[in-house]
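Engineer: Next comes model_20.csv, CSV, C-alpha atoms and all ligand atoms:
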```
chain,number,residue,atom,x,y,z
A,1060,MET,CA,-264.6,-13.5,-82.4
A,1061,LYS,CA,-263.3,-13.7,-78.9
A,1062,ASN,CA,-264.3,-10.7,-76.9
A,1063,ARG,CA,-261.1,-10.5,-75.0
A,1064,LYS,CA,-257.4,-9.5,-75.3
A,1065,LEU,CA,-254.6,-11.9,-74.5
A,1066,LEU,CA,-253.5,-10.9,-71.0
A,1067,MET,CA,-249.7,-11.0,-70.8
A,1068,ILE,CA,-248.9,-8.9,-67.8
A,1069,PRO,CA,-247.0,-10.0,-64.7
A,1070,GLY,CA,-250.2,-10.6,-62.7
A,1071,PRO,CA,-253.0,-11.1,-62.7
A,1072,VAL,CA,-252.5,-13.7,-65.4
A,1073,GLU,CA,-255.0,-15.7,-67.4
A,1074,PHE,CA,-256.8,-18.4,-65.5
A,1075,GLU,CA,-257.8,-21.9,-66.4
A,1076,PRO,CA,-261.6,-22.3,-67.0
A,1077,SER,CA,-262.0,-24.9,-64.2
A,1078,VAL,CA,-260.4,-22.5,-61.8
A,1079,LEU,CA,-262.9,-19.8,-62.8
A,1080,GLN,CA,-265.7,-22.3,-62.5
A,1081,ALA,CA,-264.8,-22.9,-58.9
A,1082,LEU,CA,-265.2,-19.2,-58.3
A,1083,GLY,CA,-268.7,-19.3,-59.7
A,1084,ALA,CA,-269.8,-22.4,-57.7
A,1085,PRO,CA,-272.5,-21.8,-55.0
A,1086,THR,CA,-270.7,-20.6,-51.9
A,1087,SER,CA,-270.9,-23.0,-49.0
A,1088,SER,CA,-270.6,-22.5,-45.3
A,1089,HIS,CA,-266.9,-22.0,-44.3
A,1090,VAL,CA,-267.3,-25.0,-42.0
A,1091,ALA,CA,-269.2,-27.3,-44.5
A,1092,PRO,CA,-267.4,-30.7,-44.8
A,1093,GLY,CA,-266.8,-30.2,-48.5
A,1094,PHE,CA,-265.1,-26.8,-47.9
A,1095,MET,CA,-263.0,-28.2,-45.0
A,1096,GLU,CA,-261.8,-30.9,-47.4
A,1097,SER,CA,-260.8,-28.2,-50.0
A,1098,PHE,CA,-259.0,-26.2,-47.4
A,1099,ALA,CA,-257.1,-29.3,-46.1
A,1100,ASN,CA,-256.2,-30.4,-49.6
A,1101,SER,CA,-255.0,-26.9,-50.4
A,1102,LEU,CA,-252.7,-26.8,-47.3
A,1103,ASP,CA,-251.3,-30.3,-48.2
A,1104,MET,CA,-250.7,-29.4,-51.8
A,1105,MET,CA,-249.0,-26.1,-50.9
A,1106,LYS,CA,-246.3,-28.1,-49.1
A,1107,LYS,CA,-245.8,-30.2,-52.3
A,1108,VAL,CA,-245.7,-27.1,-54.6
A,1109,TRP,CA,-243.3,-25.3,-52.3
A,1110,LEU,CA,-241.2,-28.5,-51.9
A,1111,SER,CA,-241.5,-28.1,-48.1
A,1112,PRO,CA,-242.9,-31.2,-46.5
A,1113,SER,CA,-241.8,-29.9,-43.1
A,1114,GLY,CA,-243.3,-26.4,-43.4
A,1115,GLN,CA,-246.4,-24.8,-41.9
A,1116,PRO,CA,-248.7,-23.4,-44.6
A,1117,PHE,CA,-250.9,-20.4,-44.2
A,1118,ILE,CA,-253.8,-19.4,-46.5
A,1119,ILE,CA,-255.1,-15.9,-45.6
A,1120,ALA,CA,-257.4,-13.6,-47.4
A,1121,GLY,CA,-255.4,-10.6,-48.8
A,1122,THR,CA,-252.9,-9.7,-51.4
A,1123,GLY,CA,-249.2,-10.5,-51.8
A,1124,THR,CA,-248.4,-7.4,-49.7
A,1125,LEU,CA,-250.3,-9.0,-46.8
A,1126,ALA,CA,-248.2,-12.1,-47.2
A,1127,MET,CA,-245.1,-9.9,-46.9
A,1128,GLU,CA,-246.6,-8.1,-43.9
A,1129,THR,CA,-247.6,-11.4,-42.2
A,1130,ALA,CA,-244.0,-12.5,-42.2
A,1131,ALA,CA,-242.7,-9.1,-41.1
A,1132,ALA,CA,-245.3,-8.7,-38.3
A,1133,ASN,CA,-244.7,-12.2,-36.8
A,1134,LEU,CA,-241.0,-12.5,-37.2
A,1135,ALA,CA,-239.6,-8.9,-36.7
A,1136,GLU,CA,-239.7,-7.3,-33.2
A,1137,ASN,CA,-239.0,-3.8,-32.2
A,1138,GLY,CA,-235.2,-3.2,-32.4
A,1139,ASP,CA,-234.4,-6.4,-34.4
A,1140,ASN,CA,-231.8,-6.0,-37.1
A,1141,VAL,CA,-233.2,-6.9,-40.5
A,1142,LEU,CA,-231.2,-7.1,-43.8
A,1143,VAL,CA,-233.3,-6.3,-46.9
A,1144,VAL,CA,-231.7,-7.4,-50.2
A,1145,SER,CA,-233.4,-5.3,-52.9
A,1146,THR,CA,-233.4,-5.9,-56.6
A,1147,GLY,CA,-236.2,-3.4,-57.3
A,1148,TYR,CA,-239.5,-1.8,-56.3
A,1149,PHE,CA,-240.7,-4.7,-54.1
A,1150,GLY,CA,-237.5,-4.9,-52.1
A,1151,GLU,CA,-237.8,-1.3,-51.2
A,1152,ARG,CA,-241.5,-1.9,-50.2
A,1153,TYR,CA,-240.3,-4.6,-47.8
A,1154,ALA,CA,-237.7,-2.2,-46.2
A,1155,GLU,CA,-240.4,0.5,-45.6
A,1156,MET,CA,-242.9,-2.1,-44.2
A,1157,LEU,CA,-240.4,-3.6,-41.8
A,1158,LYS,CA,-239.6,-0.2,-40.4
A,1159,ARG,CA,-243.3,0.1,-39.4
A,1160,PHE,CA,-242.7,-2.9,-37.1
A,1161,GLY,CA,-239.8,-1.2,-35.4
A,1162,ALA,CA,-237.1,-3.2,-37.2
A,1163,GLU,CA,-233.7,-1.7,-37.7
A,1164,VAL,CA,-233.5,-2.1,-41.4
A,1165,THR,CA,-230.3,-2.2,-43.5
A,1166,LEU,CA,-231.0,-2.0,-47.2
A,1167,LEU,CA,-228.6,-3.6,-49.7
A,1168,LYS,CA,-229.7,-2.3,-53.0
A,1169,ALA,CA,-228.6,-3.6,-56.4
A,1170,PRO,CA,-228.4,-1.3,-59.4
A,1171,ALA,CA,-231.3,-1.8,-61.8
A,1172,GLY,CA,-230.8,-5.0,-63.7
A,1173,GLU,CA,-228.2,-6.5,-61.3
A,1174,THR,CA,-228.2,-8.6,-58.2
A,1175,VAL,CA,-226.4,-7.9,-54.9
A,1176,PRO,CA,-223.2,-10.1,-54.9
A,1177,VAL,CA,-223.4,-12.9,-52.3
A,1178,GLU,CA,-220.0,-11.7,-50.9
A,1179,ASP,CA,-221.6,-8.3,-50.1
A,1180,ILE,CA,-224.5,-10.0,-48.2
A,1181,GLU,CA,-222.0,-12.1,-46.2
A,1182,LYS,CA,-219.9,-9.0,-45.4
A,1183,GLU,CA,-223.0,-7.3,-44.0
A,1184,LEU,CA,-224.0,-10.4,-42.0
A,1185,LYS,CA,-220.6,-10.4,-40.4
A,1186,LYS,CA,-221.0,-6.8,-39.1
A,1187,LYS,CA,-223.8,-7.5,-36.6
A,1188,LYS,CA,-226.3,-10.0,-35.5
A,1189,TYR,CA,-229.3,-10.0,-37.8
A,1190,LYS,CA,-232.6,-11.6,-37.0
A,1191,LEU,CA,-234.1,-11.6,-40.5
A,1192,LEU,CA,-233.0,-11.4,-44.1
A,1193,THR,CA,-235.5,-10.7,-46.8
A,1194,PHE,CA,-235.0,-10.9,-50.6
A,1195,THR,CA,-237.2,-10.9,-53.7
A,1196,HIS,CA,-236.9,-14.0,-55.7
A,1197,VAL,CA,-238.1,-12.3,-58.9
A,1198,ASP,CA,-238.6,-8.5,-58.7
A,1199,THR,CA,-241.5,-7.8,-60.9
A,1200,SER,CA,-240.3,-4.3,-61.6
A,1201,THR,CA,-237.0,-5.3,-63.1
A,1202,GLY,CA,-237.3,-9.0,-64.1
A,1203,VAL,CA,-234.2,-9.7,-62.1
A,1204,ARG,CA,-234.1,-13.2,-60.5
A,1205,VAL,CA,-232.0,-13.9,-57.4
A,1206,ASP,CA,-230.5,-17.3,-56.7
A,1207,PRO,CA,-232.0,-18.4,-53.3
A,1208,ARG,CA,-229.5,-21.2,-52.7
A,1209,PRO,CA,-226.5,-19.2,-51.4
A,1210,ILE,CA,-228.8,-17.0,-49.4
A,1211,GLY,CA,-230.3,-20.0,-47.7
A,1212,LYS,CA,-226.8,-21.2,-46.9
A,1213,LEU,CA,-225.9,-17.9,-45.4
A,1214,GLY,CA,-229.1,-18.0,-43.3
A,1215,THR,CA,-228.0,-21.3,-41.8
A,1216,LYS,CA,-224.3,-20.2,-41.3
A,1217,TYR,CA,-225.2,-16.9,-39.6
A,1218,ASP,CA,-228.4,-18.1,-37.9
A,1219,VAL,CA,-230.6,-15.6,-39.7
A,1220,LEU,CA,-234.2,-16.3,-40.7
A,1221,THR,CA,-234.5,-16.0,-44.5
A,1222,VAL,CA,-237.7,-14.7,-46.1
A,1223,LEU,CA,-238.2,-15.1,-49.9
A,1224,ASP,CA,-240.8,-12.9,-51.5
A,1225,GLY,CA,-242.0,-15.3,-54.2
A,1226,VAL,CA,-245.0,-13.4,-55.3
A,1227,CYS,CA,-243.7,-13.5,-58.9
A,1228,SER,CA,-242.0,-16.9,-58.7
A,1229,VAL,CA,-243.8,-19.6,-56.7
A,1230,ALA,CA,-245.0,-22.3,-59.0
A,1231,GLY,CA,-243.0,-20.9,-61.9
A,1232,GLU,CA,-239.4,-20.6,-60.9
A,1233,GLU,CA,-237.5,-23.4,-59.2
A,1234,ILE,CA,-237.9,-23.3,-55.4
A,1235,ARG,CA,-237.0,-26.1,-53.0
A,1236,GLN,CA,-237.8,-24.5,-49.7
A,1237,ASP,CA,-236.7,-27.3,-47.4
A,1238,GLU,CA,-233.6,-28.4,-49.3
A,1239,TRP,CA,-232.4,-24.8,-49.7
A,1240,GLY,CA,-233.1,-23.8,-46.1
A,1241,ILE,CA,-235.4,-20.9,-46.7
A,1242,ASP,CA,-237.5,-20.1,-43.7
A,1243,VAL,CA,-240.5,-18.3,-45.3
A,1244,VAL,CA,-241.6,-18.6,-48.9
A,1245,LEU,CA,-244.5,-16.3,-49.5
A,1246,THR,CA,-246.7,-15.5,-52.5
A,1247,ALA,CA,-250.1,-14.4,-53.7
A,1248,SER,CA,-252.7,-16.2,-55.7
A,1249,GLN,CA,-252.8,-14.1,-58.9
A,1250,LYS,CA,-249.5,-15.1,-60.6
A,1251,ALA,CA,-248.0,-18.5,-61.3
A,1252,ILE,CA,-250.3,-20.1,-58.7
A,1253,GLY,CA,-253.1,-19.4,-61.2
A,1254,VAL,CA,-256.0,-18.1,-59.1
A,1255,PRO,CA,-257.6,-14.6,-59.2
A,1256,PRO,CA,-256.2,-12.0,-56.8
A,1257,GLY,CA,-257.2,-12.2,-53.1
A,1258,LEU,CA,-255.1,-14.9,-51.3
A,1259,ALA,CA,-251.9,-14.4,-49.4
A,1260,LEU,CA,-250.0,-17.7,-49.2
A,1261,LEU,CA,-247.0,-18.6,-47.0
A,1262,VAL,CA,-245.1,-21.7,-46.0
A,1263,VAL,CA,-243.0,-21.2,-42.8
A,1264,SER,CA,-240.2,-23.4,-41.5
A,1265,GLN,CA,-240.4,-24.9,-38.1
A,1266,LYS,CA,-237.3,-22.9,-37.1
A,1267,ALA,CA,-239.2,-19.6,-38.0
A,1268,MET,CA,-242.3,-20.9,-36.1
A,1269,GLU,CA,-240.1,-21.5,-33.1
A,1270,SER,CA,-238.6,-18.0,-33.3
A,1271,TRP,CA,-242.1,-16.6,-33.4
A,1272,ARG,CA,-243.1,-18.7,-30.3
A,1273,ASN,CA,-240.2,-17.2,-28.5
A,1274,ARG,CA,-241.2,-13.6,-29.2
A,1275,LYS,CA,-240.8,-11.2,-26.3
A,1276,THR,CA,-243.6,-8.8,-27.4
A,1277,PRO,CA,-247.0,-9.3,-28.9
A,1278,VAL,CA,-247.4,-9.2,-32.7
A,1279,GLY,CA,-248.1,-5.6,-33.7
A,1280,SER,CA,-250.9,-6.5,-36.2
A,1281,TYR,CA,-254.0,-8.2,-35.0
A,1282,TYR,CA,-255.1,-9.5,-38.4
A,1283,CYS,CA,-251.6,-11.0,-39.2
A,1284,ASP,CA,-250.9,-12.6,-35.8
A,1285,TRP,CA,-250.2,-16.3,-36.2
A,1286,ASN,CA,-251.8,-16.7,-32.8
A,1287,ASN,CA,-255.0,-16.1,-34.6
A,1288,TRP,CA,-254.2,-18.1,-37.8
A,1289,LEU,CA,-252.2,-21.1,-36.7
A,1290,PRO,CA,-255.2,-22.8,-34.8
A,1291,VAL,CA,-257.3,-22.3,-37.9
A,1292,MET,CA,-254.7,-23.9,-40.2
A,1293,GLU,CA,-254.2,-26.7,-37.8
A,1294,ALA,CA,-257.9,-27.4,-37.4
A,1295,TYR,CA,-258.7,-27.2,-41.2
A,1296,SER,CA,-255.7,-29.6,-41.9
A,1297,GLN,CA,-257.6,-32.1,-39.8
A,1298,ARG,CA,-260.9,-31.3,-41.5
A,1299,LYS,CA,-262.2,-29.7,-38.3
A,1300,PRO,CA,-264.1,-26.5,-38.1
A,1301,SER,CA,-262.5,-23.3,-36.8
A,1302,TYR,CA,-262.9,-19.6,-37.1
A,1303,PHE,CA,-260.9,-16.4,-36.9
A,1304,GLY,CA,-261.8,-14.4,-40.0
A,1305,THR,CA,-264.2,-15.8,-42.6
A,1306,PRO,CA,-262.1,-17.6,-45.2
A,1307,ALA,CA,-262.4,-16.6,-48.9
A,1308,VAL,CA,-264.5,-19.7,-49.6
A,1309,ASN,CA,-264.6,-19.6,-53.4
A,1310,LEU,CA,-261.0,-18.4,-53.8
A,1311,ILE,CA,-259.9,-21.4,-51.7
A,1312,MET,CA,-262.0,-23.7,-53.8
A,1313,ALA,CA,-260.3,-22.2,-56.9
A,1314,LEU,CA,-256.9,-22.6,-55.2
A,1315,GLU,CA,-257.6,-26.3,-54.6
A,1316,THR,CA,-258.5,-26.6,-58.3
A,1317,SER,CA,-255.4,-24.8,-59.5
A,1318,LEU,CA,-252.9,-26.6,-57.1
A,1319,LYS,CA,-254.3,-29.9,-58.5
A,1320,LEU,CA,-253.6,-28.8,-62.0
A,1321,ILE,CA,-250.1,-27.7,-61.0
A,1322,LEU,CA,-249.3,-31.1,-59.4
A,1323,LYS,CA,-250.9,-32.9,-62.3
A,1324,GLU,CA,-248.5,-31.1,-64.7
A,1325,GLY,CA,-245.7,-32.0,-62.2
A,1326,ILE,CA,-243.7,-29.3,-60.4
A,1327,GLU,CA,-240.4,-30.2,-62.2
A,1328,GLU,CA,-242.1,-30.1,-65.6
A,1329,ARG,CA,-243.6,-26.8,-64.6
A,1330,PHE,CA,-240.2,-25.3,-63.7
A,1331,ALA,CA,-238.9,-26.6,-67.1
A,1332,ARG,CA,-241.8,-25.2,-69.0
A,1333,HIS,CA,-241.3,-21.7,-67.5
A,1334,GLU,CA,-237.6,-21.9,-68.2
A,1335,LYS,CA,-238.3,-22.7,-71.8
A,1336,THR,CA,-240.8,-19.9,-72.1
A,1337,GLY,CA,-238.4,-17.5,-70.5
A,1338,ASN,CA,-235.7,-18.6,-72.9
A,1339,ALA,CA,-238.0,-18.1,-75.9
A,1340,PHE,CA,-238.6,-14.5,-74.9
A,1341,ARG,CA,-235.0,-13.8,-74.2
A,1342,SER,CA,-233.9,-15.3,-77.5
A,1343,ALA,CA,-236.5,-13.3,-79.4
A,1344,PHE,CA,-235.5,-10.0,-77.8
A,1345,ARG,CA,-231.8,-10.7,-78.4
A,1346,ALA,CA,-232.6,-11.5,-82.1
A,1347,MET,CA,-234.4,-8.2,-82.3
A,1348,SER,CA,-231.5,-6.3,-80.7
A,1349,VAL,CA,-233.9,-5.3,-77.9
A,1350,LYS,CA,-232.1,-4.9,-74.6
A,1351,THR,CA,-233.7,-6.1,-71.3
A,1352,ILE,CA,-233.2,-4.7,-67.8
A,1353,PRO,CA,-231.6,-7.8,-66.4
A,1354,SER,CA,-227.9,-7.5,-67.5
A,1355,GLY,CA,-227.5,-11.3,-68.1
A,1356,ASP,CA,-229.4,-14.5,-68.6
A,1357,SER,CA,-228.2,-16.0,-65.3
A,1358,HIS,CA,-230.3,-13.5,-63.3
A,1359,SER,CA,-233.2,-13.1,-65.8
A,1360,ALA,CA,-236.6,-14.3,-64.6
A,1361,ASN,CA,-238.5,-17.0,-66.4
A,1362,THR,CA,-241.8,-15.6,-65.3
A,1363,LEU,CA,-241.6,-12.2,-66.9
A,1364,SER,CA,-239.4,-10.1,-69.3
A,1365,ALA,CA,-238.6,-6.4,-68.9
A,1366,PRO,CA,-237.4,-5.1,-72.3
A,1367,TYR,CA,-236.3,-1.5,-72.9
A,1368,TYR,CA,-238.0,0.3,-75.8
A,1369,PRO,CA,-235.5,0.6,-78.6
A,1370,GLU,CA,-234.3,4.2,-79.4
A,1371,GLY,CA,-237.0,6.3,-80.9
A,1372,VAL,CA,-239.9,4.1,-79.9
A,1373,ASN,CA,-242.6,5.9,-77.9
A,1374,GLY,CA,-243.9,3.8,-75.0
A,1375,GLN,CA,-247.5,5.1,-75.1
A,1376,GLU,CA,-247.7,4.4,-78.8
A,1377,PHE,CA,-246.2,1.0,-78.4
A,1378,LEU,CA,-248.6,-0.1,-75.7
A,1379,GLN,CA,-251.5,1.2,-77.8
A,1380,ALA,CA,-250.3,-0.7,-80.8
A,1381,MET,CA,-250.1,-3.9,-78.7
A,1382,GLY,CA,-253.6,-3.3,-77.5
A,1383,SER,CA,-254.9,-2.8,-81.1
A,1384,MET,CA,-253.5,-6.3,-81.8
A,1385,ASP,CA,-255.4,-7.7,-78.8
A,1386,VAL,CA,-252.4,-8.4,-76.6
A,1387,THR,CA,-252.1,-6.6,-73.2
A,1388,VAL,CA,-248.6,-6.1,-71.8
A,1389,ALA,CA,-247.7,-3.9,-68.9
A,1390,PRO,CA,-245.8,-0.5,-68.7
A,1391,GLY,CA,-242.7,-0.1,-66.6
A,1392,LEU,CA,-242.9,0.1,-62.8
A,1393,LEU,CA,-239.5,1.0,-61.4
A,1394,PRO,CA,-239.8,4.8,-60.9
A,1395,GLU,CA,-236.3,5.8,-62.3
A,1396,LEU,CA,-236.8,3.8,-65.5
A,1397,LYS,CA,-240.6,3.8,-65.9
A,1398,PRO,CA,-241.0,5.4,-69.3
A,1399,LYS,CA,-238.1,3.5,-70.8
A,1400,TYR,CA,-239.3,-0.1,-70.7
A,1401,PHE,CA,-242.3,-2.4,-70.7
A,1402,ARG,CA,-243.1,-5.8,-69.0
A,1403,VAL,CA,-244.4,-9.0,-70.4
A,1404,GLY,CA,-245.7,-11.6,-68.0
A,1405,HIS,CA,-245.3,-15.2,-69.0
A,1406,MET,CA,-246.2,-17.4,-66.1
A,1407,GLY,CA,-248.9,-19.8,-65.1
A,1408,SER,CA,-250.8,-21.5,-67.9
A,1409,VAL,CA,-249.0,-19.6,-70.7
A,1410,ASN,CA,-248.5,-21.9,-73.7
A,1411,SER,CA,-246.6,-21.8,-76.9
A,1412,ALA,CA,-249.5,-20.2,-78.8
A,1413,ASP,CA,-249.5,-17.3,-76.3
A,1414,VAL,CA,-245.8,-16.8,-76.7
A,1415,ILE,CA,-246.0,-16.8,-80.5
A,1416,SER,CA,-248.9,-14.4,-80.5
A,1417,THR,CA,-247.2,-12.1,-78.1
A,1418,ILE,CA,-243.8,-12.0,-79.9
A,1419,GLY,CA,-245.6,-11.5,-83.2
A,1420,ALA,CA,-247.5,-8.6,-81.8
A,1421,ILE,CA,-244.4,-7.1,-80.2
A,1422,GLU,CA,-242.6,-7.3,-83.6
A,1423,ALA,CA,-245.4,-5.6,-85.4
A,1424,ALA,CA,-245.9,-2.9,-82.8
A,1425,LEU,CA,-242.2,-2.1,-82.8
A,1426,ILE,CA,-242.2,-1.7,-86.6
A,1427,ARG,CA,-245.4,0.4,-86.4
A,1428,CYS,CA,-243.5,2.6,-83.9
A,1429,GLY,CA,-240.6,3.2,-86.3
A,1430,TYR,CA,-238.1,0.6,-85.2
A,1431,LYS,CA,-236.1,-0.6,-88.1
A,1432,TYR,CA,-234.9,-4.2,-88.1
A,1433,GLU,CA,-235.5,-7.5,-90.0
A,1434,GLN,CA,-239.1,-8.4,-89.1
A,1435,GLY,CA,-239.5,-12.0,-88.2
A,1436,GLU,CA,-236.1,-12.5,-86.5
A,1437,GLY,CA,-237.6,-12.5,-83.0
A,1438,MET,CA,-240.2,-15.0,-84.0
A,1439,LYS,CA,-237.7,-17.2,-85.7
A,1440,ALA,CA,-235.5,-17.2,-82.6
A,1441,ALA,CA,-238.5,-18.0,-80.3
A,1442,LEU,CA,-239.7,-20.8,-82.5
A,1443,ASN,CA,-236.2,-22.4,-82.4
A,1444,ILE,CA,-236.6,-22.7,-78.6
A,1445,LEU,CA,-240.2,-23.7,-78.6
A,1446,LYS,CA,-240.0,-26.3,-81.4
B,1501,LIG,N1,-243.8,-8.8,-54.3
B,1501,LIG,C1,-243.7,-9.0,-55.6
B,1501,LIG,C2,-242.4,-9.6,-56.2
B,1501,LIG,C3,-244.7,-8.6,-56.5
B,1501,LIG,O1,-244.6,-8.8,-57.8
B,1501,LIG,C4,-245.9,-8.1,-56.0
B,1501,LIG,C5,-247.1,-7.7,-56.9
B,1501,LIG,N2,-246.8,-7.4,-58.2
B,1501,LIG,C6,-246.0,-8.0,-54.6
B,1501,LIG,C7,-245.0,-8.3,-53.8
B,1501,LIG,C8,-247.3,-7.4,-54.0
B,1501,LIG,O2,-248.4,-8.2,-54.3
B,1501,LIG,P1,-249.8,-7.6,-54.3
B,1501,LIG,O3,-249.9,-6.7,-55.4
B,1501,LIG,O4,-250.7,-8.8,-54.5
B,1501,LIG,O5,-250.1,-7.0,-53.0
```
What would the structure in this file look like if it were written as structure tokens?
Ligand code: PMP
Structural biologist:
Amino acid sequence: MKNRKLLMIPGPVEFEPSVLQALGAPTSSHVAPGFMESFANSLDMMKKVWLSPSGQPFIIAGTGTLAMETAAANLAENGDNVLVVSTGYFGERYAEMLKRFGAEVTLLKAPAGETVPVEDIEKELKKKKYKLLTFTHVDTSTGVRVDPRPIGKLGTKYDVLTVLDGVCSVAGEEIRQDEWGIDVVLTASQKAIGVPPGLALLVVSQKAMESWRNRKTPVGSYYCDWNNWLPVMEAYSQRKPSYFGTPAVNLIMALETSLKLILKEGIEERFARHEKTGNAFRSAFRAMSVKTIPSGDSHSANTLSAPYYPEGVNGQEFLQAMGSMDVTVAPGLLPELKPKYFRVGHMGSVNSADVISTIGAIEAALIRCGYKYEQGEGMKAALNILK
């Protein structure tokens, strides 16, 4: 009997055994040749996974919030206008954070389950000169996915730097950073990248690096300042020693292992696999007449689902029933809807067996909680997609 539950939350996710082995390897010096090689390989591979051959990658110890803060601290100055496009909890977090750096923040907030229309974003950009625009590719609180393409185009048209919070999307959802003209694509290790929590990862366009070089005031965070980190990234990419803060040696070795696995699968194949998985869950919920927060498939994430509990189903009881069937899913996160929905993460190395087990458990748990419907309909719909 496996002494574990299947972990199907939107991060941390389940990790490949070889990635976990890298974490358990003897820790080397942070300037040992083997580690410098791992660091350099990881920087190189990030550019491939982000599809940004021209970008500047950063690997910094910290969480996704630190990745957000690194972009904010280096690119926003006191008094700069910043437009935050929010589709949930993490958009609002970005707005609050940017204010700490003195930015004049305008928040464009979508109703839960919707996106902000591109026309509304453009209308706002016409009103005044913005320095920065941030948006959440997939908001983990709502499961809403934003299309980065038109936003990248608006960034070019209005000369605004665009920052994509990809904590719940990078290496799962399609992202073509260079082609789409996105200036910063940031993420964390613990989701579709497939490495335990603890790394903040960013790839920054040369345009954004130039804007940072032309700052009038020092960066307001010592730890985040690219003046401290850029020389370290440049040295490691040439397999040369450097130091600012001790790198998370084992996590970076694990990152190298996971990025190799991602590229071995193929980034296009990985996007397609996540899309198929997302479709399987969407079809299953539809067949069970279970509504999800995103109001349409075109803006539903492939990396997680956010289904409402059907009428009469108690959330606590449902989550307990899932646990008793050895599948862990997550409760709601968006404050105004929290008790009304749950979240299923399906990113990283999730395979068909995980999808089938999870949908089977959801069906059984809903029935145990009193939901009346034709049991098996969800599974049938999912299998039609997975077959
Ligand atoms: N942005 C998004 C979209 C996220 O999903 C998360 C984490 N769930 C974060 C930012 C913050 O990341 P972390 O919890 O690693 O700080």
Engineer: At a cut-off of 9 Å from (-238.9, -11.3, -48.2) in the coordinates of the file, what residues are picked up using only C-alpha atoms, written as a list in words?
Structural biologist: Met1127, Ala1130, Ala1131, Val1143, Val1144, Gly1150, Tyr1153, Leu1192, Thr1193, Phe1194, Thr1195, His1196, Thr1221, Val1222, Leu1223, Asp1224, Gly1225, Val1243, Val1244 and Leu1245 of chain A
Engineer: Given the choices A:Pro1170, A:Pro1255, A:Pro1207, A:Gly1337, which gets closest to ligand LIG 1501 (chain B) if the distance is worked out from all atoms listed in the file?
Structural biologist: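 Of A:Pro1170, A:Pro1255, A:Pro1207, A:Gly1337, the one nearest ligand LIG 1501 (chain B), counting all atoms listed in the file, is A:Pro1255.
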Engineer: Please compute the atom CA of Ala1360 of chain A-atom CA of Glu1315 of chain A distance, one decimal, in Å.
Structural biologist: 26.2 Å
Engineer: Neighbours of ligand LIG 1501 (chain B) at 9 Å or closer, counting only C-alpha atoms and all ligand atoms: which residues, as a PDB file with C-alpha atoms, keeping the file's coordinate frame?
Structural biologist:
```pdb
ATOM      1  CA  PRO A1069    -247.000 -10.000 -64.700  1.00  0.00           C
ATOM      2  CA  GLY A1070    -250.200 -10.600 -62.700  1.00  0.00           C
ATOM      3  CA  PRO A1071    -253.000 -11.100 -62.700  1.00  0.00           C
ATOM      4  CA  GLY A1121    -255.400 -10.600 -48.800  1.00  0.00           C
ATOM      5  CA  THR A1122    -252.900  -9.700 -51.400  1.00  0.00           C
ATOM      6  CA  GLY A1123    -249.200 -10.500 -51.800  1.00  0.00           C
ATOM      7  CA  THR A1124    -248.400  -7.400 -49.700  1.00  0.00           C
ATOM      8  CA  LEU A1125    -250.300  -9.000 -46.800  1.00  0.00           C
ATOM      9  CA  ALA A1126    -248.200 -12.100 -47.200  1.00  0.00           C
ATOM     10  CA  MET A1127    -245.100  -9.900 -46.900  1.00  0.00           C
ATOM     11  CA  GLY A1147    -236.200  -3.400 -57.300  1.00  0.00           C
ATOM     12  CA  TYR A1148    -239.500  -1.800 -56.300  1.00  0.00           C
ATOM     13  CA  PHE A1149    -240.700  -4.700 -54.100  1.00  0.00           C
ATOM     14  CA  GLY A1150    -237.500  -4.900 -52.100  1.00  0.00           C
ATOM     15  CA  ARG A1152    -241.500  -1.900 -50.200  1.00  0.00           C
ATOM     16  CA  TYR A1153    -240.300  -4.600 -47.800  1.00  0.00           C
ATOM     17  CA  THR A1195    -237.200 -10.900 -53.700  1.00  0.00           C
ATOM     18  CA  HIS A1196    -236.900 -14.000 -55.700  1.00  0.00           C
ATOM     19  CA  VAL A1197    -238.100 -12.300 -58.900  1.00  0.00           C
ATOM     20  CA  ASP A1198    -238.600  -8.500 -58.700  1.00  0.00           C
ATOM     21  CA  THR A1199    -241.500  -7.800 -60.900  1.00  0.00           C
ATOM     22  CA  SER A1200    -240.300  -4.300 -61.600  1.00  0.00           C
ATOM     23  CA  ASP A1224    -240.800 -12.900 -51.500  1.00  0.00           C
ATOM     24  CA  GLY A1225    -242.000 -15.300 -54.200  1.00  0.00           C
ATOM     25  CA  VAL A1226    -245.000 -13.400 -55.300  1.00  0.00           C
ATOM     26  CA  CYS A1227    -243.700 -13.500 -58.900  1.00  0.00           C
ATOM     27  CA  SER A1228    -242.000 -16.900 -58.700  1.00  0.00           C
ATOM     28  CA  LEU A1245    -244.500 -16.300 -49.500  1.00  0.00           C
ATOM     29  CA  THR A1246    -246.700 -15.500 -52.500  1.00  0.00           C
ATOM     30  CA  ALA A1247    -250.100 -14.400 -53.700  1.00  0.00           C
ATOM     31  CA  SER A1248    -252.700 -16.200 -55.700  1.00  0.00           C
ATOM     32  CA  GLN A1249    -252.800 -14.100 -58.900  1.00  0.00           C
ATOM     33  CA  LYS A1250    -249.500 -15.100 -60.600  1.00  0.00           C
ATOM     34  CA  PRO A1256    -256.200 -12.000 -56.800  1.00  0.00           C
ATOM     35  CA  GLY A1257    -257.200 -12.200 -53.100  1.00  0.00           C
ATOM     36  CA  LEU A1258    -255.100 -14.900 -51.300  1.00  0.00           C
ATOM     37  CA  ALA A1259    -251.900 -14.400 -49.400  1.00  0.00           C
TER      38      ALA A1259
END
```
Engineer: Using Å and a single decimal, report how far atom CA of Phe1117 of chain A sits from atom CA of Met1292 of chain A.
Structural biologist: 6.5 Å
